[in-house]
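Below is coords.txt, which holds compact mmCIF, C-alpha atoms and all ligand atoms.
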# COMPACT_ATOMS: atom_id res chain seq x y z
CA MET A 891 39.29 101.70 21.02
CA ALA A 892 40.52 101.36 17.49
CA GLU A 893 41.03 98.83 14.73
CA LEU A 894 44.55 98.67 13.34
CA ILE A 895 45.40 97.18 9.96
CA LEU A 896 48.86 96.35 8.74
CA ASN A 897 48.88 95.96 4.98
CA ASN A 898 51.90 94.18 3.53
CA VAL A 899 54.22 95.98 5.95
CA SER A 900 57.98 95.43 5.63
CA LYS A 901 60.90 96.95 7.47
CA HIS A 902 64.44 96.61 6.15
CA TYR A 903 67.63 97.59 7.91
CA GLY A 904 70.21 97.79 5.14
CA ASN A 905 69.99 94.48 3.30
CA SER A 906 68.22 92.54 6.02
CA ALA A 907 64.47 92.42 6.54
CA ALA A 908 63.32 92.63 10.19
CA VAL A 909 59.65 92.39 9.11
CA ARG A 910 58.47 90.96 5.78
CA GLN A 911 55.13 91.66 4.12
CA LEU A 912 53.16 91.50 7.32
CA SER A 913 49.39 91.71 6.83
CA LEU A 914 47.31 91.67 9.98
CA THR A 915 44.02 93.12 11.20
CA LEU A 916 43.99 93.89 14.92
CA PRO A 917 40.30 94.05 15.85
CA LYS A 918 38.95 96.90 17.99
CA GLY A 919 39.14 96.35 21.71
CA GLU A 920 40.93 93.00 21.54
CA PHE A 921 43.89 91.83 23.55
CA ILE A 922 46.40 90.78 20.91
CA ALA A 923 49.75 89.12 21.47
CA LEU A 924 52.67 89.23 19.05
CA LEU A 925 54.52 86.03 19.88
CA GLY A 926 57.77 84.61 18.57
CA PRO A 927 61.39 83.86 19.41
CA SER A 928 64.03 86.54 19.87
CA GLY A 929 64.77 88.48 16.69
CA CYS A 930 61.57 87.53 14.81
CA GLY A 931 60.47 91.16 14.37
CA LYS A 932 57.95 91.68 17.21
CA THR A 933 59.49 94.84 18.63
CA THR A 934 60.05 96.32 15.18
CA THR A 935 56.35 95.76 14.43
CA LEU A 936 55.36 97.42 17.69
CA ARG A 937 57.68 100.36 17.03
CA MET A 938 56.13 100.87 13.60
CA LEU A 939 52.66 100.88 15.20
CA ALA A 940 53.90 103.47 17.71
CA GLY A 941 55.52 105.64 15.05
CA PHE A 942 59.10 105.16 16.30
CA GLU A 943 60.14 103.38 13.08
CA THR A 944 59.39 104.24 9.46
CA LEU A 945 57.99 101.64 7.04
CA THR A 946 60.00 100.34 4.09
CA GLU A 947 56.90 98.94 2.37
CA GLY A 948 53.15 98.74 2.94
CA GLU A 949 50.87 100.84 5.12
CA ILE A 950 49.31 100.94 8.59
CA LEU A 951 45.67 102.03 8.90
CA ARG A 952 43.72 103.00 11.96
CA ASP A 953 39.94 102.93 11.63
CA GLY A 954 40.34 103.29 7.87
CA HIS A 955 42.76 106.25 8.03
CA CYS A 956 46.39 105.93 7.03
CA LEU A 957 48.76 106.17 10.00
CA ALA A 958 51.97 105.36 8.14
CA ARG A 959 53.37 104.51 4.73
CA PRO A 960 56.91 104.77 3.30
CA GLY A 961 58.06 108.36 3.48
CA TRP A 962 55.07 109.66 5.50
CA GLN A 963 53.57 109.04 8.92
CA VAL A 964 51.40 110.49 11.68
CA PRO A 965 53.76 111.48 14.52
CA THR A 966 53.75 109.34 17.68
CA GLU A 967 52.22 112.05 19.88
CA ALA A 968 49.22 112.42 17.54
CA ARG A 969 48.33 108.70 17.62
CA ASN A 970 46.68 108.43 21.08
CA ILE A 971 48.73 105.31 21.66
CA GLY A 972 50.15 104.38 25.07
CA MET A 973 53.35 102.37 25.42
CA VAL A 974 54.85 100.30 28.21
CA PHE A 975 58.43 99.12 27.81
CA GLN A 976 60.34 96.33 29.47
CA SER A 977 62.81 98.93 30.76
CA TYR A 978 60.02 100.97 32.52
CA ALA A 979 61.59 104.29 31.32
CA LEU A 980 60.57 106.21 34.48
CA TRP A 981 61.90 109.68 35.30
CA PRO A 982 64.36 109.12 38.20
CA HIS A 983 63.92 112.64 39.64
CA MET A 984 60.11 112.42 39.86
CA SER A 985 58.01 110.66 42.49
CA VAL A 986 55.61 107.86 41.54
CA ALA A 987 52.66 110.30 41.39
CA GLU A 988 54.66 112.82 39.32
CA ASN A 989 55.74 110.13 36.89
CA VAL A 990 52.15 108.98 36.48
CA GLY A 991 50.90 112.57 36.07
CA TYR A 992 53.61 113.57 33.60
CA PRO A 993 51.60 112.89 30.40
CA LEU A 994 48.67 114.89 31.86
CA ARG A 995 50.87 117.90 32.66
CA HIS A 996 52.31 117.62 29.17
CA ARG A 997 48.74 118.04 27.87
CA GLY A 998 48.05 121.01 30.12
CA ILE A 999 45.74 119.19 32.54
CA ARG A 1000 45.94 120.64 36.07
CA GLY A 1001 44.00 120.93 39.35
CA GLN A 1002 41.32 118.53 40.51
CA ASP A 1003 41.04 116.76 37.18
CA TYR A 1004 44.81 116.06 37.31
CA GLN A 1005 44.66 114.78 40.92
CA ARG A 1006 41.63 112.57 40.26
CA ARG A 1007 43.11 110.95 37.18
CA VAL A 1008 46.47 110.27 38.83
CA GLN A 1009 44.69 108.72 41.83
CA GLU A 1010 42.52 106.56 39.56
CA ALA A 1011 45.52 105.32 37.56
CA LEU A 1012 47.42 104.52 40.78
CA ALA A 1013 44.37 102.70 42.14
CA ILE A 1014 44.15 100.46 39.06
CA VAL A 1015 47.70 99.25 39.66
CA GLN A 1016 47.30 99.29 43.47
CA LEU A 1017 50.05 101.78 44.15
CA GLU A 1018 48.12 104.54 45.98
CA SER A 1019 50.17 104.03 49.13
CA LEU A 1020 53.48 104.55 47.29
CA ALA A 1021 52.50 107.76 45.48
CA GLU A 1022 55.31 109.81 47.08
CA ARG A 1023 58.12 107.26 46.69
CA MET A 1024 60.94 107.77 44.19
CA PRO A 1025 61.38 105.13 41.42
CA GLN A 1026 64.77 103.97 42.74
CA ASP A 1027 63.09 102.97 46.02
CA LEU A 1028 60.68 100.59 44.28
CA SER A 1029 60.94 96.94 43.30
CA GLY A 1030 60.95 95.91 39.63
CA GLY A 1031 57.28 94.95 39.78
CA GLN A 1032 56.31 98.23 41.40
CA ARG A 1033 58.22 100.17 38.74
CA GLN A 1034 56.43 98.26 36.05
CA ARG A 1035 53.12 99.18 37.69
CA VAL A 1036 54.09 102.85 37.67
CA ALA A 1037 54.90 102.57 33.98
CA LEU A 1038 51.53 100.94 33.38
CA ALA A 1039 49.69 103.65 35.39
CA ARG A 1040 51.53 106.37 33.44
CA CYS A 1041 50.39 104.75 30.23
CA LEU A 1042 46.76 104.43 31.41
CA VAL A 1043 46.39 107.94 32.72
CA THR A 1044 45.75 109.47 29.29
CA GLU A 1045 43.15 106.80 28.46
CA PRO A 1046 44.73 105.80 25.14
CA ASP A 1047 42.58 103.72 22.83
CA VAL A 1048 45.56 101.61 21.76
CA VAL A 1049 48.13 100.35 24.26
CA LEU A 1050 51.38 98.75 23.12
CA LEU A 1051 53.27 96.63 25.64
CA ASP A 1052 56.80 95.41 24.89
CA GLU A 1053 57.68 92.38 27.06
CA PRO A 1054 56.37 94.24 30.12
CA LEU A 1055 56.88 91.31 32.50
CA ALA A 1056 60.29 90.15 31.31
CA ASN A 1057 62.14 91.42 34.39
CA LEU A 1058 59.70 90.13 37.00
CA ASP A 1059 59.65 86.93 39.04
CA ARG A 1060 57.04 84.24 38.42
CA HIS A 1061 54.77 85.29 41.28
CA LEU A 1062 54.73 88.91 40.29
CA ARG A 1063 54.14 88.05 36.67
CA ALA A 1064 50.93 86.26 37.60
CA SER A 1065 49.64 89.24 39.55
CA MET A 1066 50.66 91.69 36.80
CA GLU A 1067 48.92 89.51 34.23
CA GLU A 1068 45.79 90.01 36.31
CA SER A 1069 46.41 93.80 36.28
CA PHE A 1070 46.60 93.76 32.48
CA ARG A 1071 43.43 91.72 32.23
CA GLU A 1072 41.55 94.11 34.54
CA PHE A 1073 42.90 97.12 32.72
CA HIS A 1074 41.77 95.69 29.42
CA GLN A 1075 38.28 94.92 30.71
CA ARG A 1076 37.97 98.32 32.30
CA THR A 1077 39.13 100.41 29.34
CA GLY A 1078 38.20 98.32 26.32
CA ALA A 1079 41.42 99.59 24.68
CA THR A 1080 43.02 97.62 21.88
CA LEU A 1081 46.07 96.02 23.51
CA VAL A 1082 49.05 94.80 21.53
CA TYR A 1083 51.35 92.78 23.73
CA VAL A 1084 54.79 91.61 22.61
CA THR A 1085 56.20 88.51 24.26
CA HIS A 1086 58.36 85.50 23.55
CA ASP A 1087 56.63 83.63 26.39
CA GLN A 1088 53.91 81.43 24.93
CA SER A 1089 52.17 80.78 28.25
CA GLU A 1090 51.85 84.52 28.86
CA ALA A 1091 50.39 85.03 25.37
CA MET A 1092 48.02 82.07 25.79
CA SER A 1093 46.70 83.21 29.15
CA LEU A 1094 46.13 86.85 28.18
CA ALA A 1095 45.32 87.24 24.51
CA ASP A 1096 42.09 86.99 22.51
CA HIS A 1097 44.17 86.44 19.38
CA ILE A 1098 47.85 85.62 18.89
CA ALA A 1099 50.01 86.53 15.90
CA VAL A 1100 52.91 84.09 15.76
CA MET A 1101 55.97 85.48 13.98
CA GLN A 1102 59.03 83.68 12.67
CA GLN A 1103 61.94 85.39 10.92
CA GLY A 1104 59.98 88.56 10.25
CA GLU A 1105 56.90 86.80 8.88
CA LEU A 1106 53.47 86.03 10.25
CA VAL A 1107 53.14 82.24 10.42
CA GLN A 1108 49.77 81.91 12.18
CA TRP A 1109 47.01 84.21 13.44
CA ALA A 1110 44.59 82.40 15.71
CA THR A 1111 42.91 82.24 19.10
CA PRO A 1112 45.02 80.63 21.85
CA GLU A 1113 42.82 77.52 21.75
CA THR A 1114 43.19 77.08 17.98
CA LEU A 1115 46.91 77.69 18.17
CA TYR A 1116 47.27 75.02 20.82
CA GLN A 1117 44.94 72.46 19.27
CA HIS A 1118 45.54 73.15 15.60
CA PRO A 1119 48.98 74.66 15.02
CA ARG A 1120 49.67 74.97 11.31
CA THR A 1121 53.28 73.80 11.08
CA GLU A 1122 55.75 71.63 12.96
CA TRP A 1123 57.65 74.73 13.99
CA ILE A 1124 54.57 76.35 15.56
CA ALA A 1125 53.60 73.08 17.25
CA SER A 1126 57.00 72.83 18.88
CA PHE A 1127 56.92 76.49 19.93
CA ILE A 1128 53.44 76.39 21.51
CA GLY A 1129 52.95 74.12 24.51
CA GLN A 1130 54.34 70.67 25.00
CA GLY A 1131 53.93 67.91 22.51
CA SER A 1132 55.60 65.17 20.54
CA ILE A 1133 55.89 64.82 16.80
CA LEU A 1134 55.49 61.42 15.14
CA GLN A 1135 56.11 60.84 11.46
CA VAL A 1136 53.36 58.87 9.70
CA PRO A 1137 52.97 57.81 6.05
CA ALA A 1138 51.78 60.89 4.13
CA ILE A 1139 48.31 62.22 4.98
CA PRO A 1140 46.81 65.68 4.36
CA ALA A 1141 47.88 68.41 6.79
CA GLY A 1142 45.36 70.10 9.08
CA GLN A 1143 43.42 66.98 10.10
CA GLN A 1144 42.30 65.76 13.48
CA LEU A 1145 43.25 62.09 13.86
CA SER A 1146 41.15 59.88 16.05
CA GLY A 1147 39.45 56.48 15.96
CA GLU A 1148 40.52 54.31 13.01
CA ASP A 1149 43.33 56.70 11.93
CA LEU A 1150 44.95 56.32 15.31
CA ARG A 1151 44.40 52.57 15.43
CA GLN A 1152 46.25 52.34 12.10
CA LEU A 1153 48.97 54.56 13.42
CA SER A 1154 49.34 52.37 16.49
CA ARG A 1155 49.34 49.17 14.43
CA GLY A 1156 52.07 50.68 12.23
CA ILE A 1157 54.31 51.25 15.20
CA ALA A 1158 53.42 48.04 16.99
CA SER A 1159 54.08 45.91 13.90
CA GLY A 1160 57.66 47.14 14.01
CA LYS A 1161 57.60 48.22 10.35
CA SER A 1162 58.91 51.56 11.42
CA ALA A 1163 56.02 53.15 9.60
CA LEU A 1164 56.57 56.22 11.69
CA ASP A 1165 60.23 56.47 11.05
CA LYS A 1166 61.07 59.23 8.59
CA ASN A 1167 64.07 57.31 7.23
CA HIS A 1168 61.99 54.34 6.14
CA SER A 1169 59.33 56.16 4.22
CA ASP A 1170 59.73 58.51 1.27
CA LYS A 1171 56.78 60.68 2.12
CA THR A 1172 55.71 61.31 5.66
CA THR A 1173 53.54 63.76 7.55
CA ALA A 1174 54.28 65.05 11.03
CA VAL A 1175 51.56 64.38 13.59
CA LEU A 1176 51.40 66.35 16.81
CA ILE A 1177 50.50 64.37 19.93
CA ARG A 1178 49.86 66.46 23.06
CA PRO A 1179 50.81 64.82 26.40
CA GLU A 1180 47.22 64.95 27.66
CA HIS A 1181 46.19 62.83 24.68
CA ILE A 1182 48.32 59.89 25.74
CA ARG A 1183 46.89 57.43 28.23
CA LEU A 1184 49.51 55.45 30.11
CA HIS A 1185 49.00 52.05 31.66
CA THR A 1186 51.31 50.25 33.92
CA SER A 1187 50.71 46.51 33.38
CA ASP A 1188 48.55 46.24 36.52
CA THR A 1189 46.05 48.87 35.49
CA LEU A 1190 45.83 47.48 31.96
CA LEU A 1191 44.55 44.13 33.19
CA ASN A 1192 41.54 45.91 34.64
CA ASP A 1193 40.89 48.07 31.60
CA LEU A 1194 39.05 46.09 28.94
CA SER A 1195 38.54 49.18 26.79
CA THR A 1196 42.23 49.43 26.01
CA ASP A 1197 42.57 49.32 22.28
CA ASN A 1198 45.77 48.79 20.30
CA PRO A 1199 48.15 49.79 23.05
CA LEU A 1200 51.73 50.67 22.20
CA GLN A 1201 54.76 49.67 24.17
CA GLY A 1202 57.27 52.13 25.47
CA ARG A 1203 60.04 52.45 27.98
CA VAL A 1204 60.15 55.25 30.53
CA GLN A 1205 63.23 57.41 30.16
CA ARG A 1206 62.45 60.08 32.73
CA SER A 1207 59.74 60.95 35.21
CA VAL A 1208 59.61 64.57 36.39
CA PHE A 1209 57.38 65.78 39.22
CA ARG A 1210 55.46 68.93 38.20
CA GLY A 1211 53.31 69.44 41.26
CA GLU A 1212 49.86 68.57 39.97
CA ARG A 1213 51.18 65.71 37.80
CA HIS A 1214 54.22 63.81 36.61
CA GLU A 1215 55.69 64.37 33.20
CA ILE A 1216 56.86 61.11 31.68
CA ALA A 1217 59.37 60.95 28.82
CA LEU A 1218 58.98 57.72 26.85
CA GLN A 1219 60.69 55.92 24.03
CA LEU A 1220 58.56 53.67 21.83
CA ASP A 1221 59.88 50.38 20.49
CA ASN A 1222 60.53 51.98 17.09
CA GLY A 1223 62.65 54.70 18.67
CA SER A 1224 60.07 57.55 18.58
CA LEU A 1225 60.03 59.80 21.64
CA LEU A 1226 56.82 60.88 23.38
CA THR A 1227 55.93 62.95 26.43
CA ALA A 1228 52.91 61.96 28.51
CA TYR A 1229 51.34 62.97 31.83
CA HIS A 1230 50.61 60.57 34.65
CA HIS A 1231 49.18 60.87 38.15
CA GLN A 1232 52.15 59.16 39.75
CA ALA A 1233 55.86 58.74 39.16
CA ILE A 1234 57.03 55.79 37.05
CA ALA A 1235 60.57 54.52 37.52
CA PRO A 1236 62.94 55.07 34.59
CA GLY A 1237 63.43 51.84 32.66
CA SER A 1238 59.85 50.63 33.33
CA GLN A 1239 57.90 49.19 30.41
CA VAL A 1240 54.49 50.80 29.94
CA LEU A 1241 51.58 50.45 27.58
CA LEU A 1242 50.05 53.54 26.10
CA GLN A 1243 47.23 54.68 23.90
CA VAL A 1244 47.22 57.74 21.68
CA LEU A 1245 43.76 59.31 21.94
CA GLN A 1246 44.10 62.22 19.53
CA GLY A 1247 46.55 63.67 17.02
CA TRP A 1248 46.78 66.61 14.62
CA SER A 1249 48.55 66.49 11.24
CA LEU A 1250 50.92 69.36 10.43
CA GLU A 1251 52.52 71.10 7.49
CA SER A 1252 56.21 70.29 7.32
CA ALA A 1253 58.66 72.44 9.25
CA ALA A 1254 59.66 75.73 7.67
N1 LIG A 1301 67.94 99.49 14.43
C1 LIG A 1301 68.24 98.31 13.90
N2 LIG A 1301 69.26 98.20 12.99
C2 LIG A 1301 69.55 97.02 12.42
N3 LIG A 1301 68.91 95.86 12.68
C3 LIG A 1301 67.91 95.91 13.56
C4 LIG A 1301 67.52 97.13 14.23
N4 LIG A 1301 66.47 96.85 15.06
C5 LIG A 1301 66.23 95.52 14.94
N5 LIG A 1301 67.07 94.97 14.05
C6 LIG A 1301 67.11 93.54 13.63
O1 LIG A 1301 65.82 93.19 13.20
C7 LIG A 1301 65.48 91.87 13.61
C8 LIG A 1301 64.18 91.92 14.42
O2 LIG A 1301 64.41 92.59 15.64
P1 LIG A 1301 63.27 92.82 16.73
O3 LIG A 1301 63.87 93.61 17.85
O4 LIG A 1301 62.07 93.37 16.07
O5 LIG A 1301 62.99 91.32 17.17
P2 LIG A 1301 62.16 90.80 18.44
O6 LIG A 1301 61.32 89.69 17.93
O7 LIG A 1301 61.46 91.92 19.11
O8 LIG A 1301 63.33 90.24 19.35
P3 LIG A 1301 63.50 90.27 20.97
O9 LIG A 1301 62.43 89.36 21.52
O10 LIG A 1301 64.88 89.73 21.17
O11 LIG A 1301 63.34 91.70 21.40
C9 LIG A 1301 66.66 91.36 14.41
O12 LIG A 1301 67.45 90.57 13.56
C10 LIG A 1301 67.39 92.62 14.81
O13 LIG A 1301 68.77 92.38 14.96
Take the structure I supplied and represent it as structure tokens, if you would.
Ligand SMILES: Nc1ncnc2c1ncn2[C@@H]1O[C@H](COP(=O)(O)OP(=O)(O)OP(=O)(O)O)[C@@H](O)[C@H]1O
Amino acid sequence: MAELILNNVSKHYGNSAAVRQLSLTLPKGEFIALLGPSGCGKTTTLRMLAGFETLTEGEILRDGHCLARPGWQVPTEARNIGMVFQSYALWPHMSVAENVGYPLRHRGIRGQDYQRRVQEALAIVQLESLAERMPQDLSGGQRQRVALARCLVTEPDVVLLDEPLANLDRHLRASMEESFREFHQRTGATLVYVTHDQSEAMSLADHIAVMQQGELVQWATPETLYQHPRTEWIASFIGQGSILQVPAIPAGQQLSGEDLRQLSRGIASGKSALDKNHSDKTTAVLIRPEHIRLHTSDTLLNDLSTDNPLQGRVQRSVFRGERHEIALQLDNGSLLTAYHHQAIAPGSQVLLQVLQGWSLESAA
């Protein structure tokens, strides 16, 4: 395993910057996700780590030694880095076992050692029974497993994965996620995983680097990213949630108790305190759906603890299996999403309490 450091790394193509002054420490042995929308510079960052792209500015260090700087770099094959691409990149004329063994043959490994390592790599991805098949006779998921086994077989201490599940169906993605988790636990390699799918990043990574337009906008654990996103943009990109505008307060604060009672009173009084157009300075507050308690009028009568409820009208109620997702409009026009254990008919009036909120920096 290895620690990788990106120091002020930029990559320009002509006049446009794909990556801008990216500084990031990827701790040894961690599962790290690079997350962001299409075109934000994730793949370019991965390709610079792999040695497929040169740097325009900055440097990349591995365990204190320079791997790359403008005009000089350690070649890809000398980095002990494994890569898995979305496109699989398998050799069509080689069987599954030959594809997996290719990097070993390339290094001159033969005989029993070769056989054992190919078998072990196939076992990790549960493809022993398909060792003699050709890639064109495999499903997308099976091909991706071959690509993963081929990457594992050389026991790299850094593994770079570029949207490895993008072509797979939902079911297969879940089982491949499990394969990645097991692989990571088994090898202890530093894994850098590029994805634009926030739920994939959240479920796999120890730390997530969120990128936007070539820049790092937050580096945090999945829990912190979900609970305490830094900006409005990150909040809307990670998980579900609603943004309410409140009279200016400092960013980066958990709102509960009296803060929320004031917030509720502001809305309930109809002063449009939460309406951006009626206040010169406002702060965006993130409200996650699980932090809204809904009451139909019947349940409220039995709930004496209800404190400063707000009124809203149900716009939509969508069944999500384990719960219903309720889209609401408050009396002042603000929109909120909440969860509820049963469907509520569109047009119904409901009472709701906001239990928790998080104040954000304004949108970039
Ligand atoms: N070889 C290239 N020449 C010119 N521009 C490029 C090149 N490679 C990437 N770019 C540009 O750099 C920016 C970042 O691209 P990159 O592929 O790193 O984004 P990404 O976040 O991985 O996107 P996606 O999720 O769609 O793969 C994009 O605007 C892209 O068009």
Enclose ligand LIG 1301 (chain A), meaning all of its atoms listed in the file, in a box aligned along x, y and z, pad it by 3 Å on each side, and list the centre and edge lengths in Å to one decimal, as AutoDock Vina command-line options.
--center_x 65.4 --center_y 94.4 --center_z 17.0 --size_x 14.2 --size_y 16.1 --size_z 15.1
* **Nearby polymer residues, ligand LIG 1301 (chain A), at most 12 Å, all atoms listed in the file, as a PyMOL selection string** => chain A and resi 900-910+924-938+942-944+975-977+1051-1054+1056+1083-1087+1099-1106
* To one decimal in Å, tell me the separation between atom CA of A:Gln1009 and atom CA of A:Met1024. => 16.4 Å
* Asked: Interatomic distance between atom CA of A:Leu957 and atom CA of A:Val1048?
  ->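 Separation between atom CA of A:Leu957 and atom CA of A:Val1048: 13.0 Å.
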* Between atom CA of A:Ala1095 and atom CA of A:Glu1212, what is the spacing in Å? ->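 According to the coordinates, atom CA of A:Glu1212 and atom CA of A:Ala1095 are separated by 24.7 Å.
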* Near-A:Gly948 list (6 Å; only C-alpha atoms; drop same-chain fewer than 6 positions) as a VMD selection string -> chain A and resid 897 to 899
* Which of these, A:Ala1037, A:Ala1110, A:Cys956, A:Leu1042, has the shortest distance to A:Gly1078 once you count all atoms listed in the file? ->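 Counting all atoms listed in the file, the residue closest to A:Gly1078 is A:Leu1042.
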* Asked: Which is closer to A:Leu945 than all the others in A:Gln1205, A:Gln1232, A:Thr966, A:Gln911, using all atoms listed in the file?
  ->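 Among A:Gln1205, A:Gln1232, A:Thr966, A:Gln911, it is A:Gln911 that comes nearest to A:Leu945.
Near A:Glu1148, within 12 Å and counting all atoms listed in the file, sit Gln1144, Gln1152, Leu1153, Ser1154, Arg1155, Asp1197, Asn1198, Val1244, Leu1245, Gln1246 and Gly1247 of chain A; same-chain residues fewer than 4 positions away were not included.
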* Asked: Hey, which of A:Ala923, A:Ala892, A:Ala1138, A:Leu1184 ends up closest to A:Glu1090? Count only C-alpha atoms.
  ->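 When distances to A:Glu1090 are compared using only C-alpha atoms, the smallest one comes from A:Ala923.
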* To do: Check the smallest atom-to-atom distance from each of A:Thr1227, A:Gln1088, A:Gln1034, A:Thr1044 to A:Ile1128 using only C-alpha atoms, then report the winner.
  =>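 Selected residue with least distance to A:Ile1128: A:Gln1088.
Taking all atoms listed in the file, the non-local environment of A:Thr1111 within 7 Å (same-chain residues fewer than 5 positions away omitted) comprises Asp1096, His1097 and Ile1098 of chain A.
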* Between A:Met973, A:Val1008, A:Val1082, A:Ile922, single out the one closest to A:Pro1112, counting all atoms listed in the file. => A:Ile922
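Checking A:Glu967, A:Ile1182, A:Trp1248, A:Trp962 one by one against A:His996, counting only C-alpha atoms, you find the shortest gap at A:Glu967.
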* Asked: Which polymer residues have any atom within 6 Å of an atom of A:Ala958, counting only C-alpha atoms, with same-chain residues fewer than 5 positions away left out, as a ChimeraX atom specification?
  -> /A:949-950,963
For those residues, write C-alpha atoms to a file as an mmCIF file, keeping the file's coordinate frame.
data_model
loop_
_atom_site.group_PDB
_atom_site.id
_atom_site.type_symbol
_atom_site.label_atom_id
_atom_site.label_comp_id
_atom_site.auth_asym_id
_atom_site.auth_seq_id
_atom_site.Cartn_x
_atom_site.Cartn_y
_atom_site.Cartn_z
ATOM 1 C CA GLU A 949 50.870 100.840 5.120
ATOM 2 C CA ILE A 950 49.310 100.940 8.590
ATOM 3 C CA GLN A 963 53.570 109.040 8.920
#
